[in-house]
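Student: I am attaching a structure below and will ask some questions about it afterwards.
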Amino acid sequence: ATYDAIVTTIIAVFLILLMDSIFSRKRASDMTHEALQDTWNFLLVSLKKDFNPKANSVPLCKGDLLAKIERTNTWGREAYFEPRYWRTPWQDRTFDSAIIGTRNIRYDVSNIEGTLLDGTQESARKRPLFVKLQQQEDFQQMTSIVIQKVASVQKLLYFFVHETPERMQEFDEPDATREFRYEELIAMRAFLKQSNAAGIFTPQDTGSLTDDVSCQVCTVLASLNAIMFNCRQIQHAIMQS
């Protein structure tokens, strides 16, 4: 009876694996990676549109970005139970860190877009202040560095389909150790110096912090810093795994 039970179990497992290999198009880890890359591609495109000096509208991506993040997270939960065989184990804790960081970046982008927005969400028109600021070279340099940082972290997300013990090639690329944060600080200081000299931060009696120019600029700058911080958190989680 014991022998029959063992044979039956082995046959059942074999049939399950056979059916999975026949009917499943891709492994869950591959689907997770594709969803993660799609999410970050969308994030990059949104940031580029937000800070496009030629654009007078705001894309308002938070709803679509949330849906993409949740889809990625769902596939990641499936990847945890995926048979790995000879492959390295699924890095569930690192993946969780990446999802948390991506959600936080979504909040930062949402803050930026809400601040850039002039009036209601239906109009999606950009505030004239930021249309003007985005013509400044220092402002463009500052936002470009943040976008480059996001792009550099996106490359590291290939970690989730790197399934051998060997060191991942992306770790040795120059952007993996580039000091984006210091470059951003230099550009931000130059922007603030130029803006202050131009009288942009002259106190105004607007009656509301929402309409205060200094508060609007500070919100955008703080959100850019937060994006840099969350990117570093994801980067450290991956490179330390």
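A note on labels: chains of the structure tokens are A, B, ... as shown, every chain counts residues from 1, and ligands are counted from 1 in their shown order.
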I'd like the neighbourhood of Ile145 (chain A) as a PDB file with all heavy atoms, in the first residue's frame, where a residue qualifies if any of its atoms comes within 12 Å (using only C-alpha atoms), though same-chain residues fewer than 6 positions away should be ignored.
Tutor:
```pdb
ATOM      1  N   LEU A  47       7.342  61.038 -16.025  1.00  0.00           N
ATOM      2  CA  LEU A  47       8.250  62.070 -15.520  1.00  0.00           C
ATOM      3  C   LEU A  47       8.758  62.962 -16.655  1.00  0.00           C
ATOM      4  O   LEU A  47       8.864  64.178 -16.502  1.00  0.00           O
ATOM      5  CB  LEU A  47       9.425  61.421 -14.791  1.00  0.00           C
ATOM      6  CG  LEU A  47       9.149  60.917 -13.372  1.00  0.00           C
ATOM      7  CD1 LEU A  47      10.330  60.124 -12.849  1.00  0.00           C
ATOM      8  CD2 LEU A  47       8.849  62.092 -12.442  1.00  0.00           C
ATOM      9  N   LYS A  48       9.073  62.343 -17.775  1.00  0.00           N
ATOM     10  CA  LYS A  48       9.551  63.127 -18.922  1.00  0.00           C
ATOM     11  C   LYS A  48       8.467  64.076 -19.416  1.00  0.00           C
ATOM     12  O   LYS A  48       8.754  65.217 -19.796  1.00  0.00           O
ATOM     13  CB  LYS A  48      10.004  62.193 -20.037  1.00  0.00           C
ATOM     14  CG  LYS A  48      11.288  61.439 -19.721  1.00  0.00           C
ATOM     15  CD  LYS A  48      11.650  60.459 -20.835  1.00  0.00           C
ATOM     16  CE  LYS A  48      12.922  59.693 -20.487  1.00  0.00           C
ATOM     17  NZ  LYS A  48      13.264  58.695 -21.539  1.00  0.00           N
ATOM     18  N   PHE A  51       7.990  67.106 -16.960  1.00  0.00           N
ATOM     19  CA  PHE A  51       9.027  68.138 -16.993  1.00  0.00           C
ATOM     20  C   PHE A  51       9.481  68.483 -18.406  1.00  0.00           C
ATOM     21  O   PHE A  51      10.569  69.013 -18.597  1.00  0.00           O
ATOM     22  CB  PHE A  51      10.212  67.690 -16.138  1.00  0.00           C
ATOM     23  CG  PHE A  51       9.875  67.564 -14.688  1.00  0.00           C
ATOM     24  CD1 PHE A  51       9.855  66.327 -14.062  1.00  0.00           C
ATOM     25  CD2 PHE A  51       9.536  68.685 -13.938  1.00  0.00           C
ATOM     26  CE1 PHE A  51       9.528  66.209 -12.717  1.00  0.00           C
ATOM     27  CE2 PHE A  51       9.210  68.577 -12.596  1.00  0.00           C
ATOM     28  CZ  PHE A  51       9.202  67.341 -11.983  1.00  0.00           C
ATOM     29  N   ASP A 138      19.070  75.322 -15.362  1.00  0.00           N
ATOM     30  CA  ASP A 138      19.343  74.643 -14.085  1.00  0.00           C
ATOM     31  C   ASP A 138      18.172  73.748 -13.680  1.00  0.00           C
ATOM     32  O   ASP A 138      18.378  72.656 -13.132  1.00  0.00           O
ATOM     33  CB  ASP A 138      19.618  75.674 -12.983  1.00  0.00           C
ATOM     34  CG  ASP A 138      20.928  76.403 -13.202  1.00  0.00           C
ATOM     35  OD1 ASP A 138      21.888  75.766 -13.678  1.00  0.00           O
ATOM     36  OD2 ASP A 138      20.992  77.613 -12.907  1.00  0.00           O
ATOM     37  N   PHE A 139      16.954  74.201 -13.933  1.00  0.00           N
ATOM     38  CA  PHE A 139      15.788  73.375 -13.616  1.00  0.00           C
ATOM     39  C   PHE A 139      15.765  72.131 -14.498  1.00  0.00           C
ATOM     40  O   PHE A 139      15.500  71.024 -14.024  1.00  0.00           O
ATOM     41  CB  PHE A 139      14.497  74.184 -13.815  1.00  0.00           C
ATOM     42  CG  PHE A 139      13.258  73.497 -13.305  1.00  0.00           C
ATOM     43  CD1 PHE A 139      12.826  73.696 -12.011  1.00  0.00           C
ATOM     44  CD2 PHE A 139      12.529  72.642 -14.121  1.00  0.00           C
ATOM     45  CE1 PHE A 139      11.688  73.059 -11.532  1.00  0.00           C
ATOM     46  CE2 PHE A 139      11.394  72.001 -13.650  1.00  0.00           C
ATOM     47  CZ  PHE A 139      10.972  72.214 -12.349  1.00  0.00           C
ATOM     48  N   ALA A 151      16.035  55.826 -14.474  1.00  0.00           N
ATOM     49  CA  ALA A 151      16.419  54.926 -15.562  1.00  0.00           C
ATOM     50  C   ALA A 151      17.529  53.967 -15.130  1.00  0.00           C
ATOM     51  O   ALA A 151      17.532  52.794 -15.520  1.00  0.00           O
ATOM     52  CB  ALA A 151      16.869  55.738 -16.776  1.00  0.00           C
ATOM     53  N   SER A 152      18.457  54.452 -14.305  1.00  0.00           N
ATOM     54  CA  SER A 152      19.553  53.582 -13.847  1.00  0.00           C
ATOM     55  C   SER A 152      19.049  52.484 -12.919  1.00  0.00           C
ATOM     56  O   SER A 152      19.531  51.347 -12.962  1.00  0.00           O
ATOM     57  CB  SER A 152      20.628  54.417 -13.139  1.00  0.00           C
ATOM     58  OG  SER A 152      20.199  54.848 -11.860  1.00  0.00           O
ATOM     59  N   ASP A 175      26.585  53.726 -14.151  1.00  0.00           N
ATOM     60  CA  ASP A 175      25.418  54.322 -13.490  1.00  0.00           C
ATOM     61  C   ASP A 175      25.085  53.657 -12.157  1.00  0.00           C
ATOM     62  O   ASP A 175      24.402  54.251 -11.322  1.00  0.00           O
ATOM     63  CB  ASP A 175      24.197  54.244 -14.409  1.00  0.00           C
ATOM     64  CG  ASP A 175      24.217  55.330 -15.475  1.00  0.00           C
ATOM     65  OD1 ASP A 175      25.096  56.211 -15.393  1.00  0.00           O
ATOM     66  OD2 ASP A 175      23.364  55.290 -16.384  1.00  0.00           O
ATOM     67  N   ARG A 178      27.186  55.721  -9.809  1.00  0.00           N
ATOM     68  CA  ARG A 178      27.252  57.170 -10.067  1.00  0.00           C
ATOM     69  C   ARG A 178      26.565  57.937  -8.948  1.00  0.00           C
ATOM     70  O   ARG A 178      25.494  57.529  -8.464  1.00  0.00           O
ATOM     71  CB  ARG A 178      26.581  57.474 -11.407  1.00  0.00           C
ATOM     72  CG  ARG A 178      26.553  58.949 -11.779  1.00  0.00           C
ATOM     73  CD  ARG A 178      25.910  59.129 -13.151  1.00  0.00           C
ATOM     74  NE  ARG A 178      25.557  60.512 -13.404  1.00  0.00           N
ATOM     75  CZ  ARG A 178      24.876  60.938 -14.468  1.00  0.00           C
ATOM     76  NH1 ARG A 178      24.470  60.041 -15.384  1.00  0.00           N
ATOM     77  NH2 ARG A 178      24.577  62.220 -14.621  1.00  0.00           N
ATOM     78  N   GLU A 179      27.165  59.036  -8.537  1.00  0.00           N
ATOM     79  CA  GLU A 179      26.625  59.828  -7.432  1.00  0.00           C
ATOM     80  C   GLU A 179      25.590  60.832  -7.954  1.00  0.00           C
ATOM     81  O   GLU A 179      25.823  62.040  -8.006  1.00  0.00           O
ATOM     82  CB  GLU A 179      27.766  60.555  -6.714  1.00  0.00           C
ATOM     83  CG  GLU A 179      28.769  59.639  -6.029  1.00  0.00           C
ATOM     84  CD  GLU A 179      28.173  58.936  -4.826  1.00  0.00           C
ATOM     85  OE1 GLU A 179      27.061  59.308  -4.396  1.00  0.00           O
ATOM     86  OE2 GLU A 179      28.825  58.025  -4.309  1.00  0.00           O
ATOM     87  N   PHE A 180      24.429  60.323  -8.320  1.00  0.00           N
ATOM     88  CA  PHE A 180      23.365  61.180  -8.837  1.00  0.00           C
ATOM     89  C   PHE A 180      22.923  62.209  -7.798  1.00  0.00           C
ATOM     90  O   PHE A 180      22.580  63.346  -8.141  1.00  0.00           O
ATOM     91  CB  PHE A 180      22.154  60.339  -9.248  1.00  0.00           C
ATOM     92  CG  PHE A 180      22.346  59.537 -10.499  1.00  0.00           C
ATOM     93  CD1 PHE A 180      22.726  58.201 -10.439  1.00  0.00           C
ATOM     94  CD2 PHE A 180      22.138  60.102 -11.744  1.00  0.00           C
ATOM     95  CE1 PHE A 180      22.896  57.455 -11.592  1.00  0.00           C
ATOM     96  CE2 PHE A 180      22.301  59.367 -12.908  1.00  0.00           C
ATOM     97  CZ  PHE A 180      22.678  58.039 -12.830  1.00  0.00           C
ATOM     98  N   ARG A 181      22.911  61.799  -6.544  1.00  0.00           N
ATOM     99  CA  ARG A 181      22.398  62.661  -5.483  1.00  0.00           C
ATOM    100  C   ARG A 181      23.194  63.961  -5.396  1.00  0.00           C
ATOM    101  O   ARG A 181      22.609  65.041  -5.279  1.00  0.00           O
ATOM    102  CB  ARG A 181      22.450  61.906  -4.138  1.00  0.00           C
ATOM    103  CG  ARG A 181      22.058  62.729  -2.925  1.00  0.00           C
ATOM    104  CD  ARG A 181      20.663  63.280  -3.052  1.00  0.00           C
ATOM    105  NE  ARG A 181      20.254  64.017  -1.879  1.00  0.00           N
ATOM    106  CZ  ARG A 181      19.390  65.017  -1.886  1.00  0.00           C
ATOM    107  NH1 ARG A 181      18.840  65.403  -3.028  1.00  0.00           N
ATOM    108  NH2 ARG A 181      19.047  65.640  -0.785  1.00  0.00           N
ATOM    109  N   TYR A 182      24.516  63.864  -5.466  1.00  0.00           N
ATOM    110  CA  TYR A 182      25.337  65.069  -5.372  1.00  0.00           C
ATOM    111  C   TYR A 182      25.168  65.954  -6.603  1.00  0.00           C
ATOM    112  O   TYR A 182      25.158  67.185  -6.502  1.00  0.00           O
ATOM    113  CB  TYR A 182      26.802  64.684  -5.184  1.00  0.00           C
ATOM    114  CG  TYR A 182      27.054  63.977  -3.876  1.00  0.00           C
ATOM    115  CD1 TYR A 182      27.346  62.617  -3.832  1.00  0.00           C
ATOM    116  CD2 TYR A 182      26.973  64.662  -2.663  1.00  0.00           C
ATOM    117  CE1 TYR A 182      27.546  61.960  -2.628  1.00  0.00           C
ATOM    118  CE2 TYR A 182      27.176  64.014  -1.452  1.00  0.00           C
ATOM    119  CZ  TYR A 182      27.467  62.660  -1.446  1.00  0.00           C
ATOM    120  OH  TYR A 182      27.661  62.014  -0.255  1.00  0.00           O
ATOM    121  N   GLU A 183      25.015  65.336  -7.759  1.00  0.00           N
ATOM    122  CA  GLU A 183      24.777  66.104  -8.980  1.00  0.00           C
ATOM    123  C   GLU A 183      23.450  66.850  -8.888  1.00  0.00           C
ATOM    124  O   GLU A 183      23.336  68.010  -9.312  1.00  0.00           O
ATOM    125  CB  GLU A 183      24.772  65.174 -10.187  1.00  0.00           C
ATOM    126  CG  GLU A 183      26.104  64.499 -10.479  1.00  0.00           C
ATOM    127  CD  GLU A 183      26.022  63.562 -11.664  1.00  0.00           C
ATOM    128  OE1 GLU A 183      25.235  63.841 -12.596  1.00  0.00           O
ATOM    129  OE2 GLU A 183      26.739  62.536 -11.675  1.00  0.00           O
ATOM    130  N   GLU A 184      22.445  66.175  -8.332  1.00  0.00           N
ATOM    131  CA  GLU A 184      21.137  66.813  -8.189  1.00  0.00           C
ATOM    132  C   GLU A 184      21.209  67.990  -7.221  1.00  0.00           C
ATOM    133  O   GLU A 184      20.606  69.043  -7.468  1.00  0.00           O
ATOM    134  CB  GLU A 184      20.101  65.792  -7.696  1.00  0.00           C
ATOM    135  CG  GLU A 184      18.688  66.337  -7.642  1.00  0.00           C
ATOM    136  CD  GLU A 184      17.917  65.904  -6.402  1.00  0.00           C
ATOM    137  OE1 GLU A 184      18.535  65.359  -5.488  1.00  0.00           O
ATOM    138  OE2 GLU A 184      16.703  66.163  -6.356  1.00  0.00           O
ATOM    139  N   LEU A 185      21.945  67.826  -6.125  1.00  0.00           N
ATOM    140  CA  LEU A 185      22.072  68.903  -5.137  1.00  0.00           C
ATOM    141  C   LEU A 185      22.736  70.131  -5.748  1.00  0.00           C
ATOM    142  O   LEU A 185      22.316  71.270  -5.493  1.00  0.00           O
ATOM    143  CB  LEU A 185      22.871  68.415  -3.927  1.00  0.00           C
ATOM    144  CG  LEU A 185      22.127  67.524  -2.937  1.00  0.00           C
ATOM    145  CD1 LEU A 185      23.091  67.018  -1.858  1.00  0.00           C
ATOM    146  CD2 LEU A 185      20.962  68.273  -2.299  1.00  0.00           C
ATOM    147  N   ILE A 186      23.765  69.912  -6.538  1.00  0.00           N
ATOM    148  CA  ILE A 186      24.464  71.031  -7.186  1.00  0.00           C
ATOM    149  C   ILE A 186      23.518  71.776  -8.124  1.00  0.00           C
ATOM    150  O   ILE A 186      23.443  73.008  -8.127  1.00  0.00           O
ATOM    151  CB  ILE A 186      25.706  70.521  -7.954  1.00  0.00           C
ATOM    152  CG1 ILE A 186      26.752  70.008  -6.963  1.00  0.00           C
ATOM    153  CG2 ILE A 186      26.291  71.619  -8.833  1.00  0.00           C
ATOM    154  CD1 ILE A 186      27.926  69.300  -7.620  1.00  0.00           C
ATOM    155  N   ALA A 187      22.769  70.993  -8.935  1.00  0.00           N
ATOM    156  CA  ALA A 187      21.823  71.605  -9.872  1.00  0.00           C
ATOM    157  C   ALA A 187      20.699  72.319  -9.127  1.00  0.00           C
ATOM    158  O   ALA A 187      20.255  73.404  -9.539  1.00  0.00           O
ATOM    159  CB  ALA A 187      21.257  70.535 -10.802  1.00  0.00           C
ATOM    160  N   MET A 188      20.244  71.745  -8.013  1.00  0.00           N
ATOM    161  CA  MET A 188      19.166  72.353  -7.243  1.00  0.00           C
ATOM    162  C   MET A 188      19.616  73.671  -6.612  1.00  0.00           C
ATOM    163  O   MET A 188      18.877  74.673  -6.623  1.00  0.00           O
ATOM    164  CB  MET A 188      18.681  71.389  -6.155  1.00  0.00           C
ATOM    165  CG  MET A 188      17.474  71.888  -5.389  1.00  0.00           C
ATOM    166  SD  MET A 188      16.850  70.686  -4.184  1.00  0.00           S
ATOM    167  CE  MET A 188      16.246  69.396  -5.286  1.00  0.00           C
ATOM    168  N   LEU A 224      11.020  65.585  -5.713  1.00  0.00           N
ATOM    169  CA  LEU A 224      12.166  65.113  -6.501  1.00  0.00           C
ATOM    170  C   LEU A 224      13.202  64.456  -5.588  1.00  0.00           C
ATOM    171  O   LEU A 224      13.765  63.403  -5.915  1.00  0.00           O
ATOM    172  CB  LEU A 224      12.796  66.277  -7.271  1.00  0.00           C
ATOM    173  CG  LEU A 224      11.982  66.834  -8.445  1.00  0.00           C
ATOM    174  CD1 LEU A 224      12.640  68.097  -8.996  1.00  0.00           C
ATOM    175  CD2 LEU A 224      11.846  65.790  -9.552  1.00  0.00           C
ATOM    176  N   ASN A 225      13.451  65.077  -4.437  1.00  0.00           N
ATOM    177  CA  ASN A 225      14.383  64.479  -3.468  1.00  0.00           C
ATOM    178  C   ASN A 225      13.870  63.130  -2.971  1.00  0.00           C
ATOM    179  O   ASN A 225      14.646  62.190  -2.770  1.00  0.00           O
ATOM    180  CB  ASN A 225      14.585  65.419  -2.281  1.00  0.00           C
ATOM    181  CG  ASN A 225      15.511  66.578  -2.611  1.00  0.00           C
ATOM    182  OD1 ASN A 225      16.319  66.505  -3.534  1.00  0.00           O
ATOM    183  ND2 ASN A 225      15.396  67.659  -1.861  1.00  0.00           N
ATOM    184  N   ILE A 227      11.950  61.040  -4.620  1.00  0.00           N
ATOM    185  CA  ILE A 227      12.144  60.060  -5.695  1.00  0.00           C
ATOM    186  C   ILE A 227      13.576  59.543  -5.668  1.00  0.00           C
ATOM    187  O   ILE A 227      13.811  58.331  -5.789  1.00  0.00           O
ATOM    188  CB  ILE A 227      11.822  60.690  -7.065  1.00  0.00           C
ATOM    189  CG1 ILE A 227      10.315  60.954  -7.186  1.00  0.00           C
ATOM    190  CG2 ILE A 227      12.279  59.780  -8.206  1.00  0.00           C
ATOM    191  CD1 ILE A 227       9.920  61.707  -8.445  1.00  0.00           C
ATOM    192  N   MET A 228      14.526  60.448  -5.504  1.00  0.00           N
ATOM    193  CA  MET A 228      15.935  60.034  -5.418  1.00  0.00           C
ATOM    194  C   MET A 228      16.150  59.090  -4.231  1.00  0.00           C
ATOM    195  O   MET A 228      16.843  58.068  -4.351  1.00  0.00           O
ATOM    196  CB  MET A 228      16.820  61.269  -5.275  1.00  0.00           C
ATOM    197  CG  MET A 228      16.810  62.195  -6.472  1.00  0.00           C
ATOM    198  SD  MET A 228      17.684  61.523  -7.900  1.00  0.00           S
ATOM    199  CE  MET A 228      19.386  61.738  -7.393  1.00  0.00           C
TER     200      MET A 228
END
```
Student: Excluding same-chain residues fewer than 5 positions from region 128-136 of chain A, what lies within 10 Å of it counting only C-alpha atoms, as a PDB file with N, CA, C and O atoms, in the first residue's frame?
Tutor:
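Written output follows (selection.pdb):
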```pdb
ATOM      1  N   ASP A  50       5.972  65.259 -17.522  1.00  0.00           N
ATOM      2  CA  ASP A  50       5.766  66.259 -16.472  1.00  0.00           C
ATOM      3  C   ASP A  50       6.735  67.430 -16.623  1.00  0.00           C
ATOM      4  O   ASP A  50       6.358  68.584 -16.412  1.00  0.00           O
ATOM      5  N   PHE A  51       7.990  67.106 -16.960  1.00  0.00           N
ATOM      6  CA  PHE A  51       9.027  68.138 -16.993  1.00  0.00           C
ATOM      7  C   PHE A  51       9.481  68.483 -18.406  1.00  0.00           C
ATOM      8  O   PHE A  51      10.569  69.013 -18.597  1.00  0.00           O
ATOM      9  N   ASN A  52       8.646  68.190 -19.367  1.00  0.00           N
ATOM     10  CA  ASN A  52       8.933  68.568 -20.743  1.00  0.00           C
ATOM     11  C   ASN A  52       8.752  70.083 -20.886  1.00  0.00           C
ATOM     12  O   ASN A  52       7.646  70.598 -20.705  1.00  0.00           O
ATOM     13  N   PRO A  53       9.831  70.819 -21.180  1.00  0.00           N
ATOM     14  CA  PRO A  53       9.708  72.284 -21.260  1.00  0.00           C
ATOM     15  C   PRO A  53       8.785  72.764 -22.375  1.00  0.00           C
ATOM     16  O   PRO A  53       8.356  73.919 -22.367  1.00  0.00           O
ATOM     17  N   LYS A  54       8.447  71.881 -23.312  1.00  0.00           N
ATOM     18  CA  LYS A  54       7.572  72.263 -24.416  1.00  0.00           C
ATOM     19  C   LYS A  54       6.110  71.906 -24.148  1.00  0.00           C
ATOM     20  O   LYS A  54       5.239  72.243 -24.955  1.00  0.00           O
ATOM     21  N   ALA A  55       5.854  71.214 -23.036  1.00  0.00           N
ATOM     22  CA  ALA A  55       4.488  70.765 -22.731  1.00  0.00           C
ATOM     23  C   ALA A  55       3.792  71.747 -21.792  1.00  0.00           C
ATOM     24  O   ALA A  55       4.388  72.191 -20.803  1.00  0.00           O
ATOM     25  N   ASN A  56       2.548  72.047 -22.075  1.00  0.00           N
ATOM     26  CA  ASN A  56       1.758  72.946 -21.234  1.00  0.00           C
ATOM     27  C   ASN A  56       0.658  72.205 -20.468  1.00  0.00           C
ATOM     28  O   ASN A  56      -0.226  72.836 -19.896  1.00  0.00           O
ATOM     29  N   SER A  57       0.712  70.876 -20.491  1.00  0.00           N
ATOM     30  CA  SER A  57      -0.291  70.081 -19.794  1.00  0.00           C
ATOM     31  C   SER A  57       0.391  69.052 -18.895  1.00  0.00           C
ATOM     32  O   SER A  57       1.583  68.769 -19.037  1.00  0.00           O
ATOM     33  N   THR A 115       0.887  69.509  -7.953  1.00  0.00           N
ATOM     34  CA  THR A 115       1.423  70.859  -7.790  1.00  0.00           C
ATOM     35  C   THR A 115       1.571  71.567  -9.139  1.00  0.00           C
ATOM     36  O   THR A 115       1.321  72.770  -9.252  1.00  0.00           O
ATOM     37  N   LEU A 116       1.974  70.819 -10.157  1.00  0.00           N
ATOM     38  CA  LEU A 116       2.098  71.405 -11.498  1.00  0.00           C
ATOM     39  C   LEU A 116       0.746  71.803 -12.070  1.00  0.00           C
ATOM     40  O   LEU A 116       0.655  72.721 -12.891  1.00  0.00           O
ATOM     41  N   LEU A 117      -0.291  71.125 -11.608  1.00  0.00           N
ATOM     42  CA  LEU A 117      -1.624  71.301 -12.169  1.00  0.00           C
ATOM     43  C   LEU A 117      -2.194  72.678 -11.826  1.00  0.00           C
ATOM     44  O   LEU A 117      -2.162  73.117 -10.679  1.00  0.00           O
ATOM     45  N   ASP A 118      -2.733  73.345 -12.820  1.00  0.00           N
ATOM     46  CA  ASP A 118      -3.355  74.654 -12.631  1.00  0.00           C
ATOM     47  C   ASP A 118      -4.867  74.493 -12.712  1.00  0.00           C
ATOM     48  O   ASP A 118      -5.427  74.315 -13.785  1.00  0.00           O
ATOM     49  N   GLN A 141      18.346  70.702 -15.862  1.00  0.00           N
ATOM     50  CA  GLN A 141      19.437  69.835 -15.434  1.00  0.00           C
ATOM     51  C   GLN A 141      19.051  69.034 -14.193  1.00  0.00           C
ATOM     52  O   GLN A 141      19.307  67.825 -14.106  1.00  0.00           O
ATOM     53  N   THR A 143      15.974  68.177 -13.062  1.00  0.00           N
ATOM     54  CA  THR A 143      14.972  67.147 -13.339  1.00  0.00           C
ATOM     55  C   THR A 143      15.549  66.030 -14.223  1.00  0.00           C
ATOM     56  O   THR A 143      15.166  64.872 -14.080  1.00  0.00           O
ATOM     57  N   PHE A 191      19.726  76.270  -9.281  1.00  0.00           N
ATOM     58  CA  PHE A 191      18.367  76.679  -9.637  1.00  0.00           C
ATOM     59  C   PHE A 191      17.795  77.633  -8.597  1.00  0.00           C
ATOM     60  O   PHE A 191      17.201  78.670  -8.941  1.00  0.00           O
ATOM     61  N   GLN A 194      19.459  81.084  -8.844  1.00  0.00           N
ATOM     62  CA  GLN A 194      18.979  81.826 -10.005  1.00  0.00           C
ATOM     63  C   GLN A 194      17.541  82.319  -9.790  1.00  0.00           C
ATOM     64  O   GLN A 194      17.214  83.460 -10.121  1.00  0.00           O
ATOM     65  N   SER A 195      16.704  81.453  -9.226  1.00  0.00           N
ATOM     66  CA  SER A 195      15.303  81.819  -9.001  1.00  0.00           C
ATOM     67  C   SER A 195      15.172  82.914  -7.955  1.00  0.00           C
ATOM     68  O   SER A 195      14.340  83.823  -8.079  1.00  0.00           O
ATOM     69  N   ILE A 200      11.608  85.202  -7.807  1.00  0.00           N
ATOM     70  CA  ILE A 200      10.491  84.251  -7.850  1.00  0.00           C
ATOM     71  C   ILE A 200       9.935  83.979  -6.461  1.00  0.00           C
ATOM     72  O   ILE A 200       8.733  83.765  -6.280  1.00  0.00           O
ATOM     73  N   VAL A 213       3.743  80.657  -4.232  1.00  0.00           N
ATOM     74  CA  VAL A 213       4.770  80.211  -5.180  1.00  0.00           C
ATOM     75  C   VAL A 213       5.883  79.426  -4.485  1.00  0.00           C
ATOM     76  O   VAL A 213       6.318  78.376  -4.971  1.00  0.00           O
ATOM     77  N   GLN A 216       4.745  75.966  -3.619  1.00  0.00           N
ATOM     78  CA  GLN A 216       4.623  75.130  -4.810  1.00  0.00           C
ATOM     79  C   GLN A 216       5.983  74.602  -5.260  1.00  0.00           C
ATOM     80  O   GLN A 216       6.143  73.404  -5.537  1.00  0.00           O
ATOM     81  N   VAL A 217       6.964  75.484  -5.320  1.00  0.00           N
ATOM     82  CA  VAL A 217       8.307  75.080  -5.747  1.00  0.00           C
ATOM     83  C   VAL A 217       8.915  74.104  -4.739  1.00  0.00           C
ATOM     84  O   VAL A 217       9.515  73.096  -5.120  1.00  0.00           O
ATOM     85  N   VAL A 220       7.557  70.560  -5.143  1.00  0.00           N
ATOM     86  CA  VAL A 220       8.154  69.851  -6.282  1.00  0.00           C
ATOM     87  C   VAL A 220       9.579  69.416  -5.955  1.00  0.00           C
ATOM     88  O   VAL A 220       9.969  68.264  -6.226  1.00  0.00           O
TER      89      VAL A 220
END
```
Student: So, counting only C-alpha atoms, which residue among A:Ile69, A:Ala197, A:Met142, A:Ile112 is closest to Ala222 (chain A)?
Tutor: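 Between A:Ile69, A:Ala197, A:Met142, A:Ile112, the residue approaching Ala222 (chain A) most closely is A:Ile112.
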Student: Considering only C-alpha atoms, state which residue in the set A:Thr219, A:Asn73, A:Glu113, A:Asp30 is at the smallest distance from Lys126 (chain A).
Tutor: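 Closest candidate: A:Glu113.
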Student: Counting only C-alpha atoms, which residue out of A:Val153, A:Thr74, A:Thr202, A:Ile99 sits closest to Ser214 (chain A)?
Tutor: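 Answer, going by the shortest atom-to-atom distance: A:Thr202.
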Student: Just want the 10 Å neighbourhood of region 89-98 of chain A, counted on only C-alpha atoms, with same-chain residues fewer than 3 positions away dropped. Output as a PyMOL selection string.
Tutor: chain A and resi 29+32+36+73+76-77+79-86+101-104+157+159-164+230-231+233-241
Student: Name the residues of region 7-224 of chain A that fall into helix (DSSP H, G or I) according to DSSP on the backbone, using the chain letters and numbers of this document, as JSON, numbers by chain.
Tutor: {"A": [7, 8, 9, 10, 11, 12, 13, 14, 15, 16, 17, 18, 19, 20, 21, 22, 23, 28, 29, 30, 31, 32, 33, 34, 35, 36, 37, 38, 39, 40, 41, 42, 43, 44, 45, 46, 47, 48, 49, 50, 62, 63, 64, 65, 66, 67, 68, 69, 70, 71, 72, 73, 74, 75, 76, 77, 78, 79, 80, 92, 93, 94, 95, 96, 97, 98, 99, 100, 101, 102, 103, 104, 105, 106, 107, 108, 109, 110, 111, 112, 113, 114, 115, 116, 128, 129, 130, 131, 132, 133, 137, 138, 139, 140, 141, 142, 143, 144, 145, 146, 147, 148, 149, 150, 151, 152, 153, 154, 155, 156, 157, 158, 159, 160, 161, 169, 170, 171, 172, 174, 175, 176, 180, 181, 182, 183, 184, 185, 186, 187, 188, 189, 190, 191, 192, 193, 194, 195, 196, 197, 209, 210, 211, 213, 214, 215, 216, 217, 218, 219, 220, 221, 222, 223, 224]}
Student: Between CA of Glu137 (chain A) and CA of Ala190 (chain A), what distance in Å does the model show, to one decimal?
Tutor: 9.7 Å
Student: Using Å and a single decimal, report how far CA of Phe42 (chain A) sits from CA of Cys61 (chain A).
Tutor: 8.5 Å
